[in-house]
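input-v1.pdb (PDB, C-alpha atoms)
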```
MODEL        1
ATOM      1  CA  MET A   1     -94.927 -30.809  12.251
ATOM      2  CA  ILE A   2     -94.325 -32.334  15.686
ATOM      3  CA  HIS A   3     -91.142 -34.397  15.830
ATOM      4  CA  GLU A   4     -91.891 -37.833  17.321
ATOM      5  CA  GLU A   5     -88.806 -38.125  19.543
ATOM      6  CA  ILE A   6     -88.745 -36.351  22.907
ATOM      7  CA  PHE A   7     -85.139 -35.302  23.466
ATOM      8  CA  GLU A   8     -83.190 -35.737  26.691
ATOM      9  CA  ASN A   9     -82.600 -31.973  26.947
ATOM     10  CA  LEU A  10     -82.449 -28.800  24.831
ATOM     11  CA  ASP A  11     -78.798 -29.308  23.867
ATOM     12  CA  LYS A  12     -79.733 -32.662  22.297
ATOM     13  CA  VAL A  13     -82.290 -30.872  20.103
ATOM     14  CA  ILE A  14     -79.613 -28.467  18.868
ATOM     15  CA  ASP A  15     -77.180 -31.340  18.269
ATOM     16  CA  TYR A  16     -79.864 -33.086  16.223
ATOM     17  CA  LEU A  17     -80.502 -29.996  14.067
ATOM     18  CA  ASN A  18     -76.773 -29.519  13.490
ATOM     19  CA  GLY A  19     -76.643 -33.162  12.430
ATOM     20  CA  GLN A  20     -79.301 -32.364   9.812
ATOM     21  CA  GLY A  21     -76.925 -29.926   8.111
ATOM     22  CA  TRP A  22     -77.722 -26.697   9.961
ATOM     23  CA  THR A  23     -74.895 -24.757  11.598
ATOM     24  CA  LEU A  24     -76.544 -23.220  14.627
ATOM     25  CA  SER A  25     -74.722 -20.824  16.927
ATOM     26  CA  LYS A  26     -75.282 -20.937  20.674
ATOM     27  CA  THR A  27     -73.701 -17.501  21.029
ATOM     28  CA  TYR A  28     -75.900 -14.485  21.665
ATOM     29  CA  PHE A  29     -74.965 -11.297  19.827
ATOM     30  CA  GLY A  30     -77.155  -8.696  21.504
ATOM     31  CA  ASN A  31     -75.597  -5.770  19.669
ATOM     32  CA  ALA A  32     -75.735  -7.301  16.192
ATOM     33  CA  GLY A  33     -76.850  -4.828  13.548
ATOM     34  CA  TYR A  34     -79.884  -4.347  11.353
ATOM     35  CA  GLU A  35     -80.364  -3.793   7.660
ATOM     36  CA  VAL A  36     -83.083  -1.479   6.373
ATOM     37  CA  ILE A  37     -84.948  -3.429   3.703
ATOM     38  CA  ASP A  38     -88.144  -3.180   1.674
ATOM     39  CA  TYR A  39     -90.218  -6.120   2.885
ATOM     40  CA  GLY A  40     -93.033  -5.565   0.385
ATOM     41  CA  ASN A  41     -96.377  -3.780   0.534
ATOM     42  CA  GLY A  42     -94.562  -0.508   1.124
ATOM     43  CA  ARG A  43     -93.018  -1.740   4.382
ATOM     44  CA  MET A  44     -89.494  -0.563   5.079
ATOM     45  CA  VAL A  45     -88.261  -2.408   8.156
ATOM     46  CA  TYR A  46     -85.152  -2.856  10.296
ATOM     47  CA  TYR A  47     -84.282  -6.481   9.541
ATOM     48  CA  PRO A  48     -82.197  -8.219  12.261
ATOM     49  CA  ILE A  49     -78.901  -9.422  10.772
ATOM     50  CA  PRO A  50     -78.028 -12.127   9.722
ATOM     51  CA  PHE A  51     -80.282 -12.229   6.704
ATOM     52  CA  GLY A  52     -82.189 -15.352   5.739
ATOM     53  CA  THR A  53     -81.391 -17.649   8.670
ATOM     54  CA  PRO A  54     -83.799 -20.092  10.342
ATOM     55  CA  LEU A  55     -86.230 -18.717  12.914
ATOM     56  CA  PHE A  56     -86.944 -20.152  16.367
ATOM     57  CA  ARG A  57     -89.528 -20.040  19.101
ATOM     58  CA  GLY A  58     -89.023 -21.407  22.605
ATOM     59  CA  GLN A  59     -91.766 -22.392  25.060
ATOM     60  CA  ASN A  60     -91.282 -23.912  28.493
ATOM     61  CA  GLU A  61     -94.359 -26.094  27.896
ATOM     62  CA  PHE A  62     -95.639 -27.826  24.778
ATOM     63  CA  HIS A  63     -99.234 -26.931  23.915
ATOM     64  CA  GLU A  64    -101.476 -28.591  21.389
ATOM     65  CA  PRO A  65    -102.796 -26.667  19.618
ATOM     66  CA  CYS A  66    -100.295 -23.782  19.684
ATOM     67  CA  VAL A  67    -102.347 -20.625  19.110
ATOM     68  CA  SER A  68    -101.903 -16.876  19.614
ATOM     69  CA  SER A  69    -102.586 -15.265  22.992
ATOM     70  CA  PHE A  70    -105.591 -13.483  21.466
ATOM     71  CA  TYR A  71    -107.479 -16.788  21.166
ATOM     72  CA  ARG A  72    -105.726 -18.867  23.838
ATOM     73  CA  SER A  73    -108.458 -18.599  26.478
ATOM     74  CA  LYS A  74    -111.271 -19.013  23.899
ATOM     75  CA  PRO A  75    -112.660 -15.512  24.501
ATOM     76  CA  ASP A  76    -116.247 -14.528  23.724
ATOM     77  CA  SER A  77    -116.856 -11.851  21.086
ATOM     78  CA  ILE A  78    -117.026  -8.988  23.626
ATOM     79  CA  THR A  79    -113.712 -10.027  25.185
ATOM     80  CA  GLU A  80    -112.176 -10.140  21.695
ATOM     81  CA  PHE A  81    -113.483  -6.612  21.101
ATOM     82  CA  ILE A  82    -111.959  -5.387  24.385
ATOM     83  CA  GLN A  83    -108.599  -6.913  23.424
ATOM     84  CA  GLU A  84    -108.787  -5.083  20.098
ATOM     85  CA  LEU A  85    -109.739  -1.864  21.930
ATOM     86  CA  LYS A  86    -106.562  -2.082  24.009
ATOM     87  CA  ILE A  87    -104.396  -2.565  20.919
ATOM     88  CA  GLN A  88    -106.034   0.421  19.191
ATOM     89  CA  GLU A  89    -105.595   2.618  22.281
ATOM     90  CA  PHE A  90    -101.928   1.568  22.322
ATOM     91  CA  ARG A  91    -101.538   2.498  18.627
ATOM     92  CA  ILE A  92    -103.150   5.920  19.055
ATOM     93  CA  VAL A  93    -101.006   6.842  22.057
ATOM     94  CA  THR A  94     -97.670   5.589  20.708
ATOM     95  CA  SER A  95     -98.051   6.895  17.147
ATOM     96  CA  LYS A  96     -98.162  10.453  18.492
ATOM     97  CA  LEU A  97     -94.623  10.239  19.832
ATOM     98  CA  PRO A  98     -92.434  12.531  17.685
ATOM     99  CA  GLU A  99     -89.727   9.843  17.391
ATOM    100  CA  ILE A 100     -92.190   7.327  15.977
ATOM    101  CA  LYS A 101     -93.778   9.941  13.703
ATOM    102  CA  GLU A 102     -90.312  10.715  12.319
ATOM    103  CA  GLN A 103     -89.722   7.024  11.559
ATOM    104  CA  ILE A 104     -93.093   6.735   9.806
ATOM    105  CA  GLU A 105     -92.397   9.883   7.752
ATOM    106  CA  ALA A 106     -88.982   8.425   6.827
ATOM    107  CA  GLY A 107     -90.770   5.375   5.393
ATOM    108  CA  ILE A 108     -90.154   2.919   8.246
ATOM    109  CA  TYR A 109     -93.171   0.696   8.847
ATOM    110  CA  TYR A 110     -94.529   1.101  12.376
ATOM    111  CA  ASP A 111     -95.859  -2.281  13.451
ATOM    112  CA  TYR A 112     -97.912  -1.322  16.489
ATOM    113  CA  VAL A 113     -99.365  -4.839  16.851
ATOM    114  CA  ALA A 114     -95.887  -6.370  17.053
ATOM    115  CA  LEU A 115     -94.813  -3.741  19.565
ATOM    116  CA  ALA A 116     -97.978  -4.329  21.609
ATOM    117  CA  GLN A 117     -97.175  -8.045  21.621
ATOM    118  CA  HIS A 118     -93.787  -7.296  23.164
ATOM    119  CA  TYR A 119     -95.480  -5.274  25.894
ATOM    120  CA  GLU A 120     -97.690  -8.254  26.743
ATOM    121  CA  PHE A 121    -100.933  -7.256  25.053
ATOM    122  CA  LYS A 122    -102.976 -10.173  23.724
ATOM    123  CA  THR A 123    -102.615 -10.136  19.944
ATOM    124  CA  GLN A 124    -103.053 -12.497  17.010
ATOM    125  CA  MET A 125     -99.280 -12.733  16.748
ATOM    126  CA  LEU A 126     -96.702 -15.222  18.008
ATOM    127  CA  ASP A 127     -93.131 -14.102  18.735
ATOM    128  CA  VAL A 128     -90.278 -15.778  16.890
ATOM    129  CA  THR A 129     -86.606 -14.820  16.617
ATOM    130  CA  ASN A 130     -83.570 -15.461  14.446
ATOM    131  CA  SER A 131     -81.474 -15.823  17.620
ATOM    132  CA  LEU A 132     -81.323 -19.411  18.859
ATOM    133  CA  PRO A 133     -80.090 -18.354  22.350
ATOM    134  CA  VAL A 134     -83.071 -15.985  22.738
ATOM    135  CA  ALA A 135     -85.533 -18.761  21.861
ATOM    136  CA  ALA A 136     -83.628 -21.142  24.154
ATOM    137  CA  PHE A 137     -83.952 -18.712  27.069
ATOM    138  CA  PHE A 138     -87.753 -18.668  26.777
ATOM    139  CA  ALA A 139     -87.779 -22.452  26.398
ATOM    140  CA  VAL A 140     -86.046 -23.132  29.730
ATOM    141  CA  THR A 141     -87.295 -20.341  32.030
ATOM    142  CA  LYS A 142     -90.653 -19.472  33.558
ATOM    143  CA  LYS A 143     -92.226 -16.163  34.474
ATOM    144  CA  VAL A 144     -93.158 -15.732  38.136
ATOM    145  CA  ASN A 145     -94.444 -12.371  39.436
ATOM    146  CA  ASP A 146     -93.098 -10.505  36.385
ATOM    147  CA  LYS A 147     -89.630 -12.069  36.748
ATOM    148  CA  TYR A 148     -88.066 -14.912  34.795
ATOM    149  CA  LEU A 149     -86.611 -17.818  36.757
ATOM    150  CA  PRO A 150     -84.672 -20.897  35.615
ATOM    151  CA  ILE A 151     -86.649 -24.138  35.565
ATOM    152  CA  ILE A 152     -84.960 -26.387  38.112
ATOM    153  CA  GLU A 153     -87.263 -29.362  37.696
ATOM    154  CA  SER A 154     -90.446 -30.053  35.780
ATOM    155  CA  ASP A 155     -92.542 -32.998  34.690
ATOM    156  CA  LYS A 156     -93.616 -31.063  31.585
ATOM    157  CA  GLN A 157     -91.795 -30.905  28.253
ATOM    158  CA  GLY A 158     -90.342 -27.749  26.783
ATOM    159  CA  VAL A 159     -90.373 -27.164  23.038
ATOM    160  CA  LEU A 160     -88.104 -25.494  20.500
ATOM    161  CA  TYR A 161     -89.735 -24.531  17.205
ATOM    162  CA  PHE A 162     -87.557 -24.482  14.107
ATOM    163  CA  ILE A 163     -88.827 -22.574  11.042
ATOM    164  CA  LYS A 164     -87.137 -22.979   7.686
ATOM    165  CA  PRO A 165     -85.644 -19.755   6.237
ATOM    166  CA  GLU A 166     -87.614 -19.815   2.985
ATOM    167  CA  ASN A 167     -90.853 -19.234   4.894
ATOM    168  CA  GLN A 168     -89.741 -15.650   5.574
ATOM    169  CA  PHE A 169     -89.647 -14.590   1.963
ATOM    170  CA  LEU A 170     -92.973 -15.645   0.504
ATOM    171  CA  PRO A 171     -94.501 -12.432  -0.911
ATOM    172  CA  ILE A 172     -97.921 -14.101  -0.696
ATOM    173  CA  PRO A 173     -98.213 -16.744   2.050
ATOM    174  CA  LEU A 174     -99.205 -20.105   0.616
ATOM    175  CA  GLU A 175    -101.955 -22.205   2.135
ATOM    176  CA  ASN A 176    -100.976 -23.481   5.604
ATOM    177  CA  ARG A 177     -97.705 -21.531   5.503
ATOM    178  CA  PRO A 178     -96.933 -19.093   8.332
ATOM    179  CA  GLU A 179     -97.189 -15.381   7.554
ATOM    180  CA  ILE A 180     -93.835 -14.168   8.902
ATOM    181  CA  PHE A 181     -92.499 -10.630   9.118
ATOM    182  CA  PRO A 182     -89.497  -8.920  10.763
ATOM    183  CA  VAL A 183     -90.286  -6.577  13.644
ATOM    184  CA  GLY A 184     -86.987  -4.737  14.034
ATOM    185  CA  TRP A 185     -86.439  -2.557  17.066
ATOM    186  CA  GLN A 186     -89.503  -0.277  16.600
ATOM    187  CA  ILE A 187     -87.883   2.648  18.499
ATOM    188  CA  PHE A 188     -87.999   0.786  21.826
ATOM    189  CA  LYS A 189     -85.198  -1.596  22.743
ATOM    190  CA  ARG A 190     -87.169  -4.650  23.856
ATOM    191  CA  PRO A 191     -88.017  -6.180  20.421
ATOM    192  CA  GLY A 192     -84.536  -5.209  19.239
ATOM    193  CA  GLU A 193     -82.818  -7.187  21.980
ATOM    194  CA  GLN A 194     -85.019 -10.178  21.210
ATOM    195  CA  ARG A 195     -84.141 -10.076  17.459
ATOM    196  CA  ALA A 196     -87.871 -10.166  16.924
ATOM    197  CA  PHE A 197     -89.997 -11.526  14.114
ATOM    198  CA  GLY A 198     -93.716 -12.224  14.208
ATOM    199  CA  ILE A 199     -96.166 -14.804  12.893
ATOM    200  CA  ASN A 200     -99.803 -13.840  12.370
ATOM    201  CA  LEU A 201    -102.239 -16.581  13.362
ATOM    202  CA  SER A 202    -105.944 -16.325  12.612
ATOM    203  CA  LYS A 203    -108.567 -17.869  14.865
ATOM    204  CA  ASN A 204    -108.283 -21.445  13.614
ATOM    205  CA  GLN A 205    -104.543 -21.574  12.838
ATOM    206  CA  ASP A 206    -102.228 -23.875  14.800
ATOM    207  CA  LEU A 207     -98.454 -23.389  14.642
ATOM    208  CA  ASN A 208     -97.941 -27.123  15.236
ATOM    209  CA  THR A 209     -99.536 -28.043  11.903
ATOM    210  CA  MET A 210     -98.015 -25.393   9.628
ATOM    211  CA  SER A 211     -95.775 -26.270   6.704
ATOM    212  CA  GLY A 212     -92.081 -25.635   7.254
ATOM    213  CA  VAL A 213     -92.507 -25.419  11.057
ATOM    214  CA  PHE A 214     -90.998 -28.184  13.202
ATOM    215  CA  ALA A 215     -91.634 -28.652  16.940
ATOM    216  CA  TYR A 216     -88.919 -30.426  18.947
ATOM    217  CA  ARG A 217     -89.931 -31.405  22.488
ATOM    218  CA  PHE A 218     -87.383 -31.951  25.243
ATOM    219  CA  TRP A 219     -87.107 -32.589  28.981
ATOM    220  CA  HIS A 220     -85.934 -29.737  31.165
ATOM    221  CA  ASN A 221     -82.398 -29.741  32.535
ATOM    222  CA  LYS A 222     -81.317 -27.689  35.577
ATOM    223  CA  GLU A 223     -77.769 -26.971  34.362
ATOM    224  CA  ILE A 224     -78.849 -25.785  30.898
ATOM    225  CA  SER A 225     -81.609 -23.611  32.335
ATOM    226  CA  GLU A 226     -79.304 -21.942  34.861
ATOM    227  CA  LYS A 227     -76.624 -21.371  32.224
ATOM    228  CA  LEU A 228     -79.029 -19.551  29.876
ATOM    229  CA  PHE A 229     -80.444 -17.622  32.823
ATOM    230  CA  GLU A 230     -76.932 -16.340  33.598
ATOM    231  CA  ILE A 231     -76.094 -15.561  29.949
ATOM    232  CA  PHE A 232     -79.039 -13.162  29.770
ATOM    233  CA  HIS A 233     -78.431 -11.737  33.250
ATOM    234  CA  SER A 234     -81.684 -13.066  34.737
ATOM    235  CA  GLY A 235     -83.560 -12.016  31.592
ATOM    236  CA  ASN A 236     -82.694  -8.337  32.050
ATOM    237  CA  ASP A 237     -80.858  -8.277  28.700
ATOM    238  CA  LEU A 238     -84.056  -9.228  26.871
ATOM    239  CA  PHE A 239     -86.301  -6.897  28.843
ATOM    240  CA  PRO A 240     -84.274  -3.694  29.164
ATOM    241  CA  LYS A 241     -85.868  -0.973  31.230
ATOM    242  CA  ASP A 242     -87.514   1.732  29.171
ATOM    243  CA  ILE A 243     -89.723   4.630  30.114
ATOM    244  CA  PHE A 244     -92.625   3.305  28.081
ATOM    245  CA  ALA A 245     -93.137  -0.031  29.871
ATOM    246  CA  GLU A 246     -95.154   1.501  32.716
ATOM    247  CA  LYS A 247     -97.503   3.375  30.363
ATOM    248  CA  ALA A 248     -97.959   0.256  28.217
ATOM    249  CA  ALA A 249     -98.929  -1.718  31.337
ATOM    250  CA  LYS A 250    -101.516   0.921  32.276
ATOM    251  CA  ILE A 251    -103.072   0.832  28.801
ATOM    252  CA  ASN A 252    -103.146  -2.965  28.905
ATOM    253  CA  HIS A 253    -105.157  -2.915  32.139
ATOM    254  CA  CYS A 254    -107.308   0.123  31.487
ATOM    255  CA  MET A 255    -111.103   0.407  31.718
ATOM    256  CA  ILE A 256    -111.451   3.710  29.830
ATOM    257  CA  PHE A 257    -110.918   4.022  26.086
ATOM    258  CA  CYS A 258    -111.050   6.929  23.676
ATOM    259  CA  GLN A 259    -113.628   7.305  20.910
ATOM    260  CA  GLU A 260    -111.034   6.877  18.168
ATOM    261  CA  ALA A 261    -109.937   3.503  19.594
ATOM    262  CA  PHE A 262    -113.577   2.412  19.765
ATOM    263  CA  ALA A 263    -114.212   3.460  16.142
ATOM    264  CA  ASN A 264    -111.095   1.649  14.892
ATOM    265  CA  ALA A 265    -111.911  -1.517  16.834
ATOM    266  CA  PHE A 266    -115.481  -1.380  15.508
ATOM    267  CA  GLU A 267    -114.145  -1.257  11.932
ATOM    268  CA  ASN A 268    -112.263  -4.514  12.560
ATOM    269  CA  LEU A 269    -115.298  -6.189  14.112
ATOM    270  CA  THR A 270    -116.327  -9.493  12.502
ATOM    271  CA  THR A 271    -119.630  -9.902  14.372
ATOM    272  CA  SER A 272    -122.936  -8.086  13.794
ATOM    273  CA  TYR A 273    -123.010  -5.970  16.963
ATOM    274  CA  THR A 274    -124.158  -2.368  16.646
ATOM    275  CA  LYS A 275    -122.200   0.423  18.336
ATOM    276  CA  GLU A 276    -125.033   0.928  20.824
ATOM    277  CA  THR A 277    -125.069  -2.779  21.747
ATOM    278  CA  LEU A 278    -121.314  -2.813  22.221
ATOM    279  CA  ILE A 279    -121.383   0.225  24.496
ATOM    280  CA  ARG A 280    -124.074  -1.437  26.639
ATOM    281  CA  GLU A 281    -122.054  -4.668  26.837
ATOM    282  CA  LEU A 282    -118.889  -2.751  27.721
ATOM    283  CA  SER A 283    -120.759  -0.848  30.423
ATOM    284  CA  LYS A 284    -121.765  -4.160  32.023
ATOM    285  CA  ARG A 285    -118.016  -4.824  32.409
ATOM    286  CA  ASN A 286    -117.384  -1.336  33.859
ATOM    287  CA  ILE A 287    -115.694  -0.149  30.660
ATOM    288  CA  SER A 288    -116.436   3.352  29.373
ATOM    289  CA  ILE A 289    -115.678   5.388  26.250
ATOM    290  CA  GLN A 290    -114.655   9.049  26.357
ATOM    291  CA  ILE A 291    -113.535  11.627  23.789
ATOM    292  CA  ASN A 292    -109.753  11.623  24.357
ATOM    293  CA  SER A 293    -107.287   9.081  25.652
ATOM    294  CA  VAL A 294    -106.352   9.319  29.322
ATOM    295  CA  PHE A 295    -102.903   8.030  28.374
ATOM    296  CA  GLU A 296    -101.723  10.879  26.149
ATOM    297  CA  PHE A 297     -98.048  11.710  26.656
ATOM    298  CA  SER A 298     -97.416  14.842  28.681
ATOM    299  CA  GLU A 299     -95.063  17.553  27.429
ATOM    300  CA  ASP A 300     -92.508  16.427  30.041
ATOM    301  CA  GLU A 301     -92.693  12.817  28.804
ATOM    302  CA  ILE A 302     -92.291  13.906  25.185
ATOM    303  CA  MET A 303     -89.270  16.041  26.127
ATOM    304  CA  LEU A 304     -87.721  13.080  27.956
ATOM    305  CA  PHE A 305     -88.187  10.881  24.864
ATOM    306  CA  LYS A 306     -86.572  13.586  22.751
ATOM    307  CA  GLU A 307     -83.583  13.819  25.094
ATOM    308  CA  LEU A 308     -83.135  10.035  25.061
ATOM    309  CA  ALA A 309     -83.343   9.997  21.250
ATOM    310  CA  ILE A 310     -80.762  12.778  20.877
ATOM    311  CA  SER A 311     -78.404  11.088  23.348
ATOM    312  CA  GLY A 312     -78.774   7.760  21.518
ATOM    313  CA  LYS A 313     -80.189   5.962  24.558
ATOM    314  CA  LEU A 314     -83.494   5.055  22.890
ATOM    315  CA  ALA A 315     -81.623   2.939  20.357
ATOM    316  CA  GLU A 316     -78.602   2.126  22.515
ATOM    317  CA  ASN A 317     -76.185  -0.355  20.871
ATOM    318  CA  ARG A 318     -78.381  -0.380  17.743
ATOM    319  CA  PHE A 319     -77.094   0.369  14.282
ATOM    320  CA  ALA A 320     -78.574  -0.119  10.834
ATOM    321  CA  THR A 321     -77.069  -0.292   7.363
ATOM    322  CA  THR A 322     -78.576  -0.212   3.893
ATOM    323  CA  ARG A 323     -77.782  -2.205   0.781
ATOM    324  CA  LEU A 324     -77.474  -0.802  -2.726
ATOM    325  CA  CYS A 325     -79.617  -2.611  -5.297
ATOM    326  CA  TYR A 326     -79.599  -2.590  -9.080
ATOM    327  CA  MET A 327     -83.110  -2.066 -10.471
TER     328      MET A 327
ENDMDL
END
```

Mind turning the file's structure into C-alpha cells?
Amino acid sequence: MIHEEIFENLDKVIDYLNGQGWTLSKTYFGNAGYEVIDYGNGRMVYYPIPFGTPLFRGQNEFHEPCVSSFYRSKPDSITEFIQELKIQEFRIVTSKLPEIKEQIEAGIYYDYVALAQHYEFKTQMLDVTNSLPVAAFFAVTKKVNDKYLPIIESDKQGVLYFIKPENQFLPIPLENRPEIFPVGWQIFKRPGEQRAFGINLSKNQDLNTMSGVFAYRFWHNKEISEKLFEIFHSGNDLFPKDIFAEKAAKINHCMIFCQEAFANAFENLTTSYTKETLIRELSKRNISIQINSVFEFSEDEIMLFKELAISGKLAENRFATTRLCYM
C-alpha cells in the first residue's frame, strides 16, 4: 500500500512509524549475530538477529510499479533466457567451492539466486533487510560509476518500504502476500553486512500492491544523506571487498556459457523454444555454448579460499548460535 502523505524527509517517516507503536532503532549493528534455524522445506539458514522484526527496503526513487530487476526493462523471452543462463553459470561455479559444499553437506541451504542478486545479477528477487539503517542508506544514496554517493539535491522522491513481521513466517504465502526468506551471509560477507532477506516476485507482481507492505515516500535531505553516507564509510561497510566480486562480475557480463548452465536454464524455460532454436538465437547475439565453464576456480583460487576460511576472514565478525527446541 502506498501511503498518501509525502514526508518532508526520511527522519519524518521514521518518526511517523514510531508514532504508530513501532520502536525502530537508527543504530547499525554490523557485527550482530545470526541464529541457525529451520525455515521450512528442508532449509536451514543463518537468520539475522533480531528475530521477527519488521523488514525494510530503501530506494532513492519511487517506482510504480515496483518490480524485480529481472523484469524491470520488459525483456523479450531470449533476454530472459540469457539472464537465467547467467544465474545458472553462477550457481555451477560457486557450488563447487569446498567451503560452500561443506555448508550444503552440513544442511545449510545455499541460496545461489539470493547471492547472485547481491552480486548485481538480474533476478526475480528484491532485496530487503531487517536493519533500518541499511535500508535508509540505499534510500538516500545513488550509485555512480560503481560507487555510492550521497544525494545532495533531487526533485524525485525516495521511498522507504515497511513490511510487517508476520509476513516472514507464513509457511505457505497467501494470495498477494510477499514470499519472504532470510538470506544469511551465504559464505561471502556482502549479504551478511546487509542483514539480507529476499522477496520473490513473479512477472506480474508489484511490491507496491502487496498485503502487509507499506511504501512511505519522502523528499531527499542533504544532511540526512551525508550522515548515513558517513555512518557506512561511503558504503564500504555494506560492500566489503572479497575475492569473489571480480569473478562474479565476469560471469555477469560473459558471452560464453557451459552446457550444464544451458540445460538447467532450458528446464526453467516457460516458452516453447526448442534447444536448436535457442542456440541459433543466442548465436545472433554472439553468445556461445561450450562443454565446461570458463570460470572454474583454479587450484590457487581454491587454496586462497581455504586459507581465508581457516583464518576466519571469509566470515569475519560473523557468529551464529542455535536454539534448543522441544519436539

Open item on the list: Using only C-alpha atoms for the distances, tell me which of A:Leu55, A:Ile287, A:Ile151, A:Ile187 is nearest to Leu24 in chain A.
Closed with: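 Closest candidate: A:Leu55.
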
Counting all atoms listed in the file, which residues of range 97-171 of chain A sit at most 9 Å from some atom of range 42-53 of chain A, and what is each one's closest atom pair with its distance in Å to one decimal, listed by chain and rising residue number, as a tab-separated table?
```
residue	atom	partner	partner_atom	distance
A:Gly107	CA	A:Met44	CA	6.1
A:Ile108	CA	A:Met44	CA	4.8
A:Tyr109	CA	A:Arg43	CA	5.1
A:Tyr110	CA	A:Val45	CA	8.3
A:Asn130	CA	A:Thr53	CA	6.5
A:Lys164	CA	A:Thr53	CA	7.9
A:Pro165	CA	A:Thr53	CA	5.3
A:Glu166	CA	A:Gly52	CA	7.5
A:Gln168	CA	A:Gly52	CA	7.6
A:Phe169	CA	A:Gly52	CA	8.4
```

Open item on the list: Counting all atoms listed in the file, which residue out of A:Ile100, A:Leu17, A:Ile37, A:Leu228 sits closest to Ala139 in chain A?
Closed with: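 Answer, going by the shortest atom-to-atom distance: A:Leu228.
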
Open item on the list: Report, in Å to a single decimal, how far apart CA of Gly184 in chain A and CA of His63 in chain A are.
Closed with: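 Here the two named atoms are 27.2 Å from each other.
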
Open item on the list: My list of candidates is A:Ser202, A:Asn60, A:Asn176, A:Asn145. Which is closest to Asn9 in chain A when distances are computed with only C-alpha atoms?
Closed with: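 For Asn9 in chain A, the nearest of the given residues is A:Asn60.
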
Open item on the list: Expand the PyMOL selection byres ((chain A and resi 217) around 12) into the explicit residue set it covers here, and present it as a PyMOL selection string.
Closed with: chain A and resi 1-14+16+57-64+139-140+156-162+208+214-216+218-220

Task: Target residues per the PyMOL selection byres ((chain A and resi 83-95) around 9), formatted as a ChimeraX atom specification - done: /A:70,78-82,96-101,104,110,112-113,116,121-123,248,251-254,257-258,260-262,264-266,268-269,293,295-297

Go ahead and save the residues from that selection, with C-alpha atoms, as an mmCIF file, keeping the file's coordinate frame.
```cif
data_model
loop_
_atom_site.group_PDB
_atom_site.id
_atom_site.type_symbol
_atom_site.label_atom_id
_atom_site.label_comp_id
_atom_site.auth_asym_id
_atom_site.auth_seq_id
_atom_site.Cartn_x
_atom_site.Cartn_y
_atom_site.Cartn_z
ATOM 1 C CA PHE A 70 -105.591 -13.483 21.466
ATOM 2 C CA ILE A 78 -117.026 -8.988 23.626
ATOM 3 C CA THR A 79 -113.712 -10.027 25.185
ATOM 4 C CA GLU A 80 -112.176 -10.140 21.695
ATOM 5 C CA PHE A 81 -113.483 -6.612 21.101
ATOM 6 C CA ILE A 82 -111.959 -5.387 24.385
ATOM 7 C CA LYS A 96 -98.162 10.453 18.492
ATOM 8 C CA LEU A 97 -94.623 10.239 19.832
ATOM 9 C CA PRO A 98 -92.434 12.531 17.685
ATOM 10 C CA GLU A 99 -89.727 9.843 17.391
ATOM 11 C CA ILE A 100 -92.190 7.327 15.977
ATOM 12 C CA LYS A 101 -93.778 9.941 13.703
ATOM 13 C CA ILE A 104 -93.093 6.735 9.806
ATOM 14 C CA TYR A 110 -94.529 1.101 12.376
ATOM 15 C CA TYR A 112 -97.912 -1.322 16.489
ATOM 16 C CA VAL A 113 -99.365 -4.839 16.851
ATOM 17 C CA ALA A 116 -97.978 -4.329 21.609
ATOM 18 C CA PHE A 121 -100.933 -7.256 25.053
ATOM 19 C CA LYS A 122 -102.976 -10.173 23.724
ATOM 20 C CA THR A 123 -102.615 -10.136 19.944
ATOM 21 C CA ALA A 248 -97.959 0.256 28.217
ATOM 22 C CA ILE A 251 -103.072 0.832 28.801
ATOM 23 C CA ASN A 252 -103.146 -2.965 28.905
ATOM 24 C CA HIS A 253 -105.157 -2.915 32.139
ATOM 25 C CA CYS A 254 -107.308 0.123 31.487
ATOM 26 C CA PHE A 257 -110.918 4.022 26.086
ATOM 27 C CA CYS A 258 -111.050 6.929 23.676
ATOM 28 C CA GLU A 260 -111.034 6.877 18.168
ATOM 29 C CA ALA A 261 -109.937 3.503 19.594
ATOM 30 C CA PHE A 262 -113.577 2.412 19.765
ATOM 31 C CA ASN A 264 -111.095 1.649 14.892
ATOM 32 C CA ALA A 265 -111.911 -1.517 16.834
ATOM 33 C CA PHE A 266 -115.481 -1.380 15.508
ATOM 34 C CA ASN A 268 -112.263 -4.514 12.560
ATOM 35 C CA LEU A 269 -115.298 -6.189 14.112
ATOM 36 C CA SER A 293 -107.287 9.081 25.652
ATOM 37 C CA PHE A 295 -102.903 8.030 28.374
ATOM 38 C CA GLU A 296 -101.723 10.879 26.149
ATOM 39 C CA PHE A 297 -98.048 11.710 26.656
#
```

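Between CA of Ala106 in chain A and CA of Thr321 in chain A lies a distance of 14.8 Å.
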
Task: Which residue of A:Glu153, A:Glu246, A:Glu230, A:Glu102 approaches Glu120 in chain A most closely, using only C-alpha atoms - done: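 Under the stated criterion, the closest residue is A:Glu246.
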
Open item on the list: Nearest residue to Val294 in chain A out of A:Pro182, A:Pro75, A:Val213, A:Ile256, using all atoms listed in the file?
Closed with: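 Result for the nearest residue to Val294 in chain A: A:Ile256.
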
Open item on the list: I need the residue nearest Glu276 in chain A from this list: A:Leu308, A:Gln20, A:Ile289, A:Leu201. Use all atoms listed in the file for the distance.
Closed with: A:Ile289

- [ ] Work out how far CA of His118 in chain A is from CA of Phe239 in chain A, in Å to one decimal.
- [x]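 The value is 9.4 Å.
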
Open item on the list: Using only C-alpha atoms and a cutoff of 12 Å, can you tell me which residues are near (-75.3, -20.2, 16.0) in the file's coordinates, and write them out as a count of residues only?
Closed with: 24

TODO: Evaluate the PyMOL selection byres ((chain A and resi 207) around 8) here and jot the selected residues down as an NGL selection string.
DONE: :A and (65-67 or 178 or 201 or 205-206 or 208-210 or 213)

Considering all atoms listed in the file, return as a CSV table (one decimal) with C-alpha atoms, keeping the file's coordinate frame whatever protein or nucleic-acid residues lie within 8 Å of Asp237 in chain A, sequence-local ones (same chain, fewer than 4 positions apart) excluded.
```csv
chain,number,residue,atom,x,y,z
A,193,GLU,CA,-82.8,-7.2,22.0
A,232,PHE,CA,-79.0,-13.2,29.8
A,233,HIS,CA,-78.4,-11.7,33.2
```
